[in-house]
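Printed here is work-v6.txt (compact mmCIF, N, CA and C atoms):
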```
# COMPACT_ATOMS: atom_id res chain seq x y z
N MET A 1 22.14 78.96 87.48
CA MET A 1 22.33 77.57 87.86
C MET A 1 23.71 77.12 87.38
N SER A 2 24.40 76.40 88.23
CA SER A 2 25.73 75.90 87.91
C SER A 2 25.77 74.41 88.20
N PHE A 3 26.54 73.68 87.40
CA PHE A 3 26.71 72.26 87.66
C PHE A 3 28.03 71.80 87.10
N GLN A 4 28.46 70.60 87.52
CA GLN A 4 29.72 70.02 87.07
C GLN A 4 29.50 68.58 86.65
N LEU A 5 30.35 68.10 85.78
CA LEU A 5 30.46 66.68 85.47
C LEU A 5 31.80 66.23 86.04
N ILE A 6 31.76 65.27 86.94
CA ILE A 6 32.98 64.85 87.63
C ILE A 6 33.23 63.37 87.35
N PRO A 7 34.40 63.04 86.81
CA PRO A 7 34.73 61.62 86.61
C PRO A 7 34.73 60.88 87.95
N TYR A 8 34.17 59.69 87.96
CA TYR A 8 34.09 58.88 89.19
C TYR A 8 34.67 57.51 88.88
N ILE A 9 35.78 57.19 89.52
CA ILE A 9 36.46 55.91 89.31
C ILE A 9 36.02 54.94 90.40
N MET A 10 35.39 53.85 89.99
CA MET A 10 34.97 52.81 90.93
C MET A 10 35.90 51.62 90.77
N LEU A 11 36.43 51.14 91.89
CA LEU A 11 37.38 50.04 91.87
C LEU A 11 36.91 48.91 92.79
N ASP A 12 37.59 47.80 92.70
CA ASP A 12 37.22 46.62 93.46
C ASP A 12 38.27 46.34 94.53
N GLY A 13 38.26 47.19 95.59
CA GLY A 13 39.21 47.01 96.68
C GLY A 13 40.57 47.64 96.45
N GLN A 14 40.71 48.44 95.40
CA GLN A 14 42.01 49.04 95.09
C GLN A 14 42.00 50.57 95.19
N ALA A 15 40.94 51.15 95.73
CA ALA A 15 40.83 52.61 95.76
C ALA A 15 41.97 53.26 96.54
N GLU A 16 42.32 52.72 97.69
CA GLU A 16 43.41 53.30 98.49
C GLU A 16 44.72 53.29 97.70
N GLU A 17 44.99 52.18 97.03
CA GLU A 17 46.20 52.08 96.21
C GLU A 17 46.14 53.07 95.04
N ALA A 18 44.97 53.21 94.43
CA ALA A 18 44.82 54.13 93.31
C ALA A 18 45.03 55.57 93.75
N ILE A 19 44.50 55.93 94.91
CA ILE A 19 44.69 57.29 95.43
C ILE A 19 46.19 57.58 95.58
N GLN A 20 46.92 56.67 96.18
CA GLN A 20 48.36 56.86 96.36
C GLN A 20 49.07 56.93 95.01
N PHE A 21 48.65 56.09 94.07
CA PHE A 21 49.25 56.09 92.73
C PHE A 21 49.03 57.43 92.03
N TYR A 22 47.80 57.96 92.07
CA TYR A 22 47.50 59.23 91.40
C TYR A 22 48.16 60.41 92.11
N GLU A 23 48.36 60.30 93.42
CA GLU A 23 49.11 61.34 94.13
C GLU A 23 50.53 61.40 93.57
N GLN A 24 51.13 60.23 93.38
CA GLN A 24 52.51 60.19 92.88
C GLN A 24 52.57 60.49 91.38
N ALA A 25 51.74 59.83 90.59
CA ALA A 25 51.83 59.95 89.13
C ALA A 25 51.35 61.30 88.60
N LEU A 26 50.31 61.87 89.23
CA LEU A 26 49.69 63.07 88.68
C LEU A 26 49.75 64.27 89.63
N GLY A 27 50.38 64.10 90.78
CA GLY A 27 50.42 65.19 91.75
C GLY A 27 49.05 65.47 92.36
N ALA A 28 48.19 64.46 92.44
CA ALA A 28 46.85 64.63 93.00
C ALA A 28 46.94 65.03 94.47
N GLU A 29 45.97 65.82 94.89
CA GLU A 29 45.84 66.23 96.29
C GLU A 29 44.57 65.60 96.84
N LEU A 30 44.68 64.84 97.91
CA LEU A 30 43.52 64.22 98.54
C LEU A 30 42.77 65.26 99.34
N LEU A 31 41.53 65.56 98.92
CA LEU A 31 40.72 66.55 99.61
C LEU A 31 39.79 65.93 100.66
N PHE A 32 39.38 64.68 100.42
CA PHE A 32 38.44 64.02 101.32
C PHE A 32 38.52 62.52 101.10
N LYS A 33 38.38 61.77 102.21
CA LYS A 33 38.30 60.31 102.10
C LYS A 33 37.52 59.78 103.28
N GLN A 34 36.59 58.86 102.99
CA GLN A 34 35.83 58.20 104.04
C GLN A 34 35.71 56.73 103.69
N THR A 35 35.93 55.87 104.67
CA THR A 35 35.77 54.43 104.46
C THR A 35 34.32 54.04 104.75
N PHE A 36 33.96 52.85 104.31
CA PHE A 36 32.62 52.36 104.61
C PHE A 36 32.41 52.24 106.13
N GLY A 37 33.46 51.88 106.85
CA GLY A 37 33.38 51.76 108.30
C GLY A 37 33.18 53.07 109.01
N GLU A 38 33.58 54.19 108.39
CA GLU A 38 33.41 55.51 109.00
C GLU A 38 32.02 56.08 108.76
N GLY A 39 31.28 55.48 107.85
CA GLY A 39 29.94 55.96 107.54
C GLY A 39 28.90 55.36 108.46
N PRO A 40 27.65 55.79 108.30
CA PRO A 40 26.58 55.23 109.12
C PRO A 40 26.42 53.73 108.85
N GLN A 41 26.15 52.99 109.91
CA GLN A 41 26.04 51.54 109.79
C GLN A 41 24.58 51.10 109.88
N ASN A 42 24.26 50.05 109.15
CA ASN A 42 22.93 49.44 109.18
C ASN A 42 23.02 48.21 110.08
N PRO A 43 22.37 48.24 111.26
CA PRO A 43 22.47 47.10 112.18
C PRO A 43 21.87 45.82 111.59
N ASP A 44 20.98 45.95 110.62
CA ASP A 44 20.37 44.77 109.99
C ASP A 44 21.31 44.13 108.96
N SER A 45 22.33 44.86 108.56
CA SER A 45 23.28 44.35 107.57
C SER A 45 24.69 44.82 107.94
N PRO A 46 25.27 44.24 108.98
CA PRO A 46 26.58 44.70 109.44
C PRO A 46 27.67 44.45 108.38
N LEU A 47 28.64 45.36 108.37
CA LEU A 47 29.78 45.24 107.46
C LEU A 47 30.72 44.15 107.94
N LYS A 48 31.31 43.44 107.00
CA LYS A 48 32.40 42.53 107.33
C LYS A 48 33.61 43.40 107.69
N PRO A 49 34.46 42.94 108.60
CA PRO A 49 35.62 43.76 108.98
C PRO A 49 36.48 44.18 107.78
N GLU A 50 36.67 43.29 106.80
CA GLU A 50 37.49 43.65 105.64
C GLU A 50 36.82 44.70 104.75
N ASP A 51 35.48 44.78 104.79
CA ASP A 51 34.76 45.79 103.99
C ASP A 51 34.78 47.16 104.65
N ALA A 52 34.91 47.21 105.98
CA ALA A 52 34.90 48.48 106.70
C ALA A 52 36.06 49.37 106.29
N ALA A 53 37.18 48.79 105.88
CA ALA A 53 38.37 49.57 105.50
C ALA A 53 38.32 50.05 104.05
N LEU A 54 37.36 49.56 103.27
CA LEU A 54 37.27 49.98 101.87
C LEU A 54 36.86 51.45 101.77
N VAL A 55 37.32 52.11 100.71
CA VAL A 55 37.02 53.54 100.51
C VAL A 55 35.61 53.69 99.96
N ALA A 56 34.76 54.38 100.74
CA ALA A 56 33.39 54.64 100.31
C ALA A 56 33.34 55.84 99.37
N HIS A 57 34.19 56.83 99.61
CA HIS A 57 34.21 58.02 98.76
C HIS A 57 35.50 58.79 99.02
N ALA A 58 36.14 59.23 97.95
CA ALA A 58 37.32 60.09 98.07
C ALA A 58 37.26 61.13 96.98
N ILE A 59 37.78 62.29 97.28
CA ILE A 59 37.85 63.39 96.31
C ILE A 59 39.32 63.75 96.13
N LEU A 60 39.77 63.71 94.89
CA LEU A 60 41.13 64.11 94.54
C LEU A 60 41.07 65.36 93.68
N LYS A 61 42.00 66.25 93.91
CA LYS A 61 42.15 67.42 93.05
C LYS A 61 43.40 67.19 92.22
N ILE A 62 43.22 67.19 90.91
CA ILE A 62 44.34 67.02 89.97
C ILE A 62 44.32 68.23 89.05
N GLY A 63 45.32 69.06 89.16
CA GLY A 63 45.29 70.31 88.40
C GLY A 63 44.12 71.15 88.88
N ASP A 64 43.27 71.57 87.95
CA ASP A 64 42.09 72.37 88.29
C ASP A 64 40.82 71.52 88.37
N THR A 65 40.97 70.20 88.34
CA THR A 65 39.83 69.30 88.25
C THR A 65 39.74 68.40 89.48
N GLN A 66 38.53 68.07 89.84
CA GLN A 66 38.32 67.07 90.88
C GLN A 66 37.86 65.77 90.23
N ILE A 67 38.33 64.65 90.79
CA ILE A 67 37.80 63.35 90.42
C ILE A 67 37.42 62.64 91.71
N PHE A 68 36.46 61.74 91.60
CA PHE A 68 36.05 60.93 92.74
C PHE A 68 36.60 59.53 92.55
N VAL A 69 36.98 58.89 93.65
CA VAL A 69 37.49 57.52 93.63
C VAL A 69 36.85 56.78 94.79
N ALA A 70 36.43 55.54 94.55
CA ALA A 70 35.85 54.72 95.61
C ALA A 70 35.96 53.25 95.24
N ASP A 71 35.80 52.42 96.25
CA ASP A 71 35.63 51.00 96.01
C ASP A 71 34.15 50.76 95.78
N SER A 72 33.83 49.73 95.01
CA SER A 72 32.42 49.43 94.78
C SER A 72 31.78 49.02 96.11
N ILE A 73 30.50 49.21 96.19
CA ILE A 73 29.76 48.89 97.41
C ILE A 73 29.89 47.39 97.68
N PRO A 74 30.26 47.02 98.90
CA PRO A 74 30.40 45.60 99.20
C PRO A 74 29.15 44.81 98.78
N GLY A 75 29.40 43.72 98.07
CA GLY A 75 28.32 42.88 97.59
C GLY A 75 27.90 43.15 96.16
N LEU A 76 28.30 44.30 95.60
CA LEU A 76 27.98 44.60 94.20
C LEU A 76 29.15 44.20 93.31
N THR A 77 28.83 43.72 92.12
CA THR A 77 29.86 43.30 91.17
C THR A 77 30.29 44.50 90.34
N LEU A 78 31.59 44.69 90.26
CA LEU A 78 32.15 45.78 89.46
C LEU A 78 32.35 45.29 88.04
N GLN A 79 31.94 46.10 87.07
CA GLN A 79 32.14 45.78 85.66
C GLN A 79 33.03 46.85 85.05
N GLN A 80 34.10 46.42 84.38
CA GLN A 80 35.01 47.38 83.77
C GLN A 80 34.72 47.52 82.29
N GLY A 81 34.98 48.70 81.78
CA GLY A 81 34.77 48.97 80.37
C GLY A 81 35.57 50.16 79.92
N ASN A 82 35.37 50.54 78.68
CA ASN A 82 36.13 51.68 78.16
C ASN A 82 35.22 52.77 77.61
N ILE A 83 34.00 52.82 78.07
CA ILE A 83 33.06 53.84 77.60
C ILE A 83 33.46 55.21 78.10
N LEU A 84 33.96 55.30 79.31
CA LEU A 84 34.37 56.56 79.90
C LEU A 84 35.88 56.60 80.01
N THR A 85 36.49 57.67 79.53
CA THR A 85 37.92 57.88 79.70
C THR A 85 38.13 59.23 80.37
N ILE A 86 39.32 59.43 80.89
CA ILE A 86 39.67 60.71 81.48
C ILE A 86 40.72 61.34 80.57
N CYS A 87 40.46 62.56 80.13
CA CYS A 87 41.37 63.26 79.24
C CYS A 87 42.17 64.27 80.07
N LEU A 88 43.47 63.99 80.24
CA LEU A 88 44.37 64.92 80.92
C LEU A 88 44.87 65.90 79.87
N THR A 89 44.52 67.15 80.03
CA THR A 89 44.84 68.17 79.04
C THR A 89 45.86 69.14 79.62
N THR A 90 46.91 69.40 78.86
CA THR A 90 47.95 70.33 79.28
C THR A 90 48.41 71.13 78.07
N ASP A 91 49.09 72.23 78.32
CA ASP A 91 49.67 73.00 77.22
C ASP A 91 51.19 72.81 77.18
N ASP A 92 51.68 71.85 77.94
CA ASP A 92 53.11 71.61 78.07
C ASP A 92 53.43 70.16 77.66
N SER A 93 54.16 70.00 76.56
CA SER A 93 54.50 68.66 76.06
C SER A 93 55.33 67.87 77.06
N ASN A 94 56.20 68.55 77.81
CA ASN A 94 56.99 67.85 78.82
C ASN A 94 56.10 67.31 79.95
N GLN A 95 55.11 68.09 80.35
CA GLN A 95 54.17 67.63 81.37
C GLN A 95 53.37 66.45 80.84
N ALA A 96 52.96 66.49 79.58
CA ALA A 96 52.23 65.38 78.97
C ALA A 96 53.08 64.11 79.01
N LYS A 97 54.37 64.25 78.70
CA LYS A 97 55.27 63.10 78.72
C LYS A 97 55.41 62.54 80.13
N GLN A 98 55.50 63.41 81.14
CA GLN A 98 55.60 62.95 82.53
C GLN A 98 54.34 62.18 82.94
N PHE A 99 53.15 62.72 82.62
CA PHE A 99 51.90 62.01 82.92
C PHE A 99 51.88 60.65 82.25
N TYR A 100 52.23 60.64 80.98
CA TYR A 100 52.20 59.41 80.18
C TYR A 100 53.12 58.34 80.78
N GLN A 101 54.34 58.75 81.11
CA GLN A 101 55.30 57.80 81.67
C GLN A 101 54.85 57.30 83.05
N ALA A 102 54.31 58.19 83.86
CA ALA A 102 53.88 57.79 85.21
C ALA A 102 52.68 56.85 85.15
N LEU A 103 51.73 57.13 84.28
CA LEU A 103 50.51 56.31 84.21
C LEU A 103 50.74 54.94 83.60
N GLN A 104 51.79 54.79 82.79
CA GLN A 104 52.00 53.49 82.16
C GLN A 104 52.65 52.47 83.09
N GLN A 105 53.07 52.88 84.29
CA GLN A 105 53.66 51.96 85.25
C GLN A 105 52.62 50.90 85.62
N GLY A 106 52.87 49.68 85.21
CA GLY A 106 51.94 48.59 85.49
C GLY A 106 50.71 48.60 84.60
N GLY A 107 50.66 49.53 83.67
CA GLY A 107 49.49 49.66 82.79
C GLY A 107 49.78 49.17 81.39
N GLN A 108 48.97 49.65 80.45
CA GLN A 108 49.07 49.20 79.07
C GLN A 108 48.98 50.40 78.14
N VAL A 109 49.93 50.50 77.21
CA VAL A 109 49.89 51.56 76.21
C VAL A 109 48.83 51.21 75.17
N ILE A 110 47.92 52.13 74.94
CA ILE A 110 46.91 51.96 73.88
C ILE A 110 47.39 52.68 72.63
N LEU A 111 47.82 53.93 72.80
CA LEU A 111 48.41 54.71 71.71
C LEU A 111 49.68 55.37 72.25
N PRO A 112 50.80 55.21 71.55
CA PRO A 112 52.02 55.86 72.03
C PRO A 112 51.88 57.39 72.01
N LEU A 113 52.57 58.03 72.91
CA LEU A 113 52.56 59.49 72.97
C LEU A 113 53.39 60.02 71.81
N GLU A 114 52.73 60.75 70.91
CA GLU A 114 53.43 61.31 69.75
C GLU A 114 52.63 62.46 69.18
N ALA A 115 53.25 63.18 68.27
CA ALA A 115 52.58 64.29 67.62
C ALA A 115 51.46 63.76 66.73
N ALA A 116 50.35 64.49 66.74
CA ALA A 116 49.21 64.17 65.87
C ALA A 116 48.77 65.48 65.21
N TYR A 117 47.94 65.37 64.21
CA TYR A 117 47.53 66.59 63.49
C TYR A 117 46.80 67.58 64.42
N PHE A 118 46.24 67.11 65.51
CA PHE A 118 45.46 67.96 66.41
C PHE A 118 46.19 68.27 67.72
N SER A 119 47.40 67.70 67.90
CA SER A 119 48.10 67.87 69.17
C SER A 119 49.59 67.61 68.99
N PRO A 120 50.44 68.41 69.62
CA PRO A 120 51.88 68.14 69.55
C PRO A 120 52.30 66.90 70.34
N ALA A 121 51.45 66.43 71.26
CA ALA A 121 51.76 65.21 72.04
C ALA A 121 50.44 64.62 72.52
N TYR A 122 50.06 63.48 71.92
CA TYR A 122 48.80 62.81 72.27
C TYR A 122 49.05 61.32 72.40
N GLY A 123 48.46 60.71 73.42
CA GLY A 123 48.56 59.26 73.60
C GLY A 123 47.47 58.77 74.53
N MET A 124 47.34 57.45 74.60
CA MET A 124 46.34 56.84 75.49
C MET A 124 46.99 55.71 76.28
N ILE A 125 46.63 55.65 77.55
CA ILE A 125 47.15 54.65 78.49
C ILE A 125 45.97 54.05 79.26
N LYS A 126 45.99 52.74 79.42
CA LYS A 126 45.09 52.12 80.41
C LYS A 126 45.97 51.84 81.61
N ASP A 127 45.66 52.49 82.73
CA ASP A 127 46.53 52.33 83.90
C ASP A 127 46.31 50.97 84.57
N LYS A 128 47.08 50.70 85.60
CA LYS A 128 47.04 49.40 86.24
C LYS A 128 45.72 49.11 86.94
N PHE A 129 44.83 50.10 87.02
CA PHE A 129 43.52 49.90 87.61
C PHE A 129 42.43 49.73 86.54
N GLY A 130 42.84 49.75 85.26
CA GLY A 130 41.88 49.60 84.17
C GLY A 130 41.23 50.90 83.74
N VAL A 131 41.72 52.05 84.25
CA VAL A 131 41.18 53.36 83.87
C VAL A 131 41.95 53.86 82.66
N THR A 132 41.21 54.26 81.63
CA THR A 132 41.83 54.75 80.40
C THR A 132 41.98 56.27 80.46
N PHE A 133 43.21 56.72 80.27
CA PHE A 133 43.54 58.15 80.24
C PHE A 133 43.98 58.53 78.83
N GLN A 134 43.42 59.61 78.32
CA GLN A 134 43.93 60.24 77.10
C GLN A 134 44.83 61.38 77.56
N ILE A 135 46.02 61.44 77.04
CA ILE A 135 46.94 62.54 77.33
C ILE A 135 46.91 63.46 76.11
N PHE A 136 46.43 64.68 76.32
CA PHE A 136 46.23 65.61 75.21
C PHE A 136 46.99 66.90 75.50
N THR A 137 47.82 67.31 74.55
CA THR A 137 48.56 68.56 74.66
C THR A 137 47.96 69.57 73.70
N LYS A 138 47.59 70.74 74.25
CA LYS A 138 47.03 71.80 73.42
C LYS A 138 48.13 72.40 72.57
N ARG A 139 47.76 72.83 71.36
CA ARG A 139 48.70 73.58 70.52
C ARG A 139 48.89 74.98 71.10
N GLN A 140 50.11 75.45 71.06
CA GLN A 140 50.40 76.80 71.52
C GLN A 140 49.89 77.80 70.48
N SER A 141 49.26 78.86 70.95
CA SER A 141 48.72 79.89 70.03
C SER A 141 49.79 80.85 69.59
```

Could I get this file's structure written as structure tokens?
Amino acid sequence: MSFQLIPYIMLDGQAEEAIQFYEQALGAELLFKQTFGEGPQNPDSPLKPEDAALVAHAILKIGDTQIFVADSIPGLTLQQGNILTICLTTDDSNQAKQFYQALQQGGQVILPLEAAYFSPAYGMIKDKFGVTFQIFTKRQS
């Protein structure tokens, strides 16, 4: 039996913008995207035209990992928090610095990127979508 845990970023009408941002900032590759309008429709509860363009589900490949990105289901309230973070792990301090600098555009620095006892380059950023990323650099063996 095999299974995966996949980070899922839910946004409030900003999924398309986030996809483009992660493509640029992290070199993400868009593997799949479907809008609510492209999915099956319920005739008893028709979508508003502005909701049809929202992203129902997208799959991004970043490095060796997939993440899911979507807009919240129309009519549901999105709640943001910091219980779940995404840890970008690399063995290259220069790559860690590039991720850190790209993600802080329009975001907020939580911890500056610097050497720590457990990593040659570690920091935390809350990006402009409210997603918290830990940037972790592995020690070279």

With only N, CA and C atoms as the basis for distance, which of A:Pro49, A:Gly27, A:Gly37, A:Pro7 is at the shortest distance from Gly63 (chain A)? A:Gly27

Pick from A:Leu26, A:Ile19, A:Ile67, A:Leu54, whichever lies nearest to Gln4 (chain A) using only C-alpha atoms: A:Ile67

Skipping near chain neighbours, those fewer than 2 positions away, what residues fall within 6.5 Å of region 129-138 of chain A using all atoms listed in the file, listed as a PyMOL selection string? chain A and resi 84-93+96+107+118-127+140

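Across A:Phe36, A:Phe68, A:Tyr117, A:Phe21, the tightest approach to Ile6 (chain A) is made by A:Phe68 when counting only N, CA and C atoms.
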
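You will find CA of Leu78 (chain A) at 22.0 Å from CA of Gln41 (chain A).
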
Env of Ala15 (chain A): 6 Å cut, atoms = only N, CA and C atoms, seq-sep filter 5 positions within chain, self excluded. Answer as a PyMOL selection string. chain A and resi 69-71

Go ahead and write the selection's residues with N, CA and C atoms as a compact mmCIF listing (two decimals), keeping the file's coordinate frame.
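Listing of again17.txt after writing:
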```
# COMPACT_ATOMS: atom_id res chain seq x y z
N VAL A 69 36.98 58.89 93.65
CA VAL A 69 37.49 57.52 93.63
C VAL A 69 36.85 56.78 94.79
N ALA A 70 36.43 55.54 94.55
CA ALA A 70 35.85 54.72 95.61
C ALA A 70 35.96 53.25 95.24
N ASP A 71 35.80 52.42 96.25
CA ASP A 71 35.63 51.00 96.01
C ASP A 71 34.15 50.76 95.78
```

Could you check the closest approach to Asp64 (chain A) for each of A:Glu29, A:Tyr8, A:Ala102, A:Thr77 and tell me which residue wins, using only C-alpha atoms? A:Glu29

Would you give the centre and edge lengths, in Å to one decimal, of a box along x, y and z around the listed atoms of region 2-16 of chain A, with 6 Å added to each side, as AutoDock Vina command-line options?
```
--center_x 34.6 --center_y 61.4 --center_z 92.0 --size_x 32.3 --size_y 42.1 --size_z 25.0
```

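Our summary of the geometry notes that CA of Ala25 (chain A) is positioned 14.0 Å from CA of Asn94 (chain A).
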
Taking only chain A into account, list the residues labelled helix (DSSP H, G or I) by DSSP (computed from the backbone), as a PyMOL selection string. chain A and resi 15-26+36-38+49-52+93-103

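Checking A:Pro43, A:Gly13, A:Pro112, A:Gly106 one by one against Ile73 (chain A), counting only C-alpha atoms, you find the shortest gap at A:Gly13.
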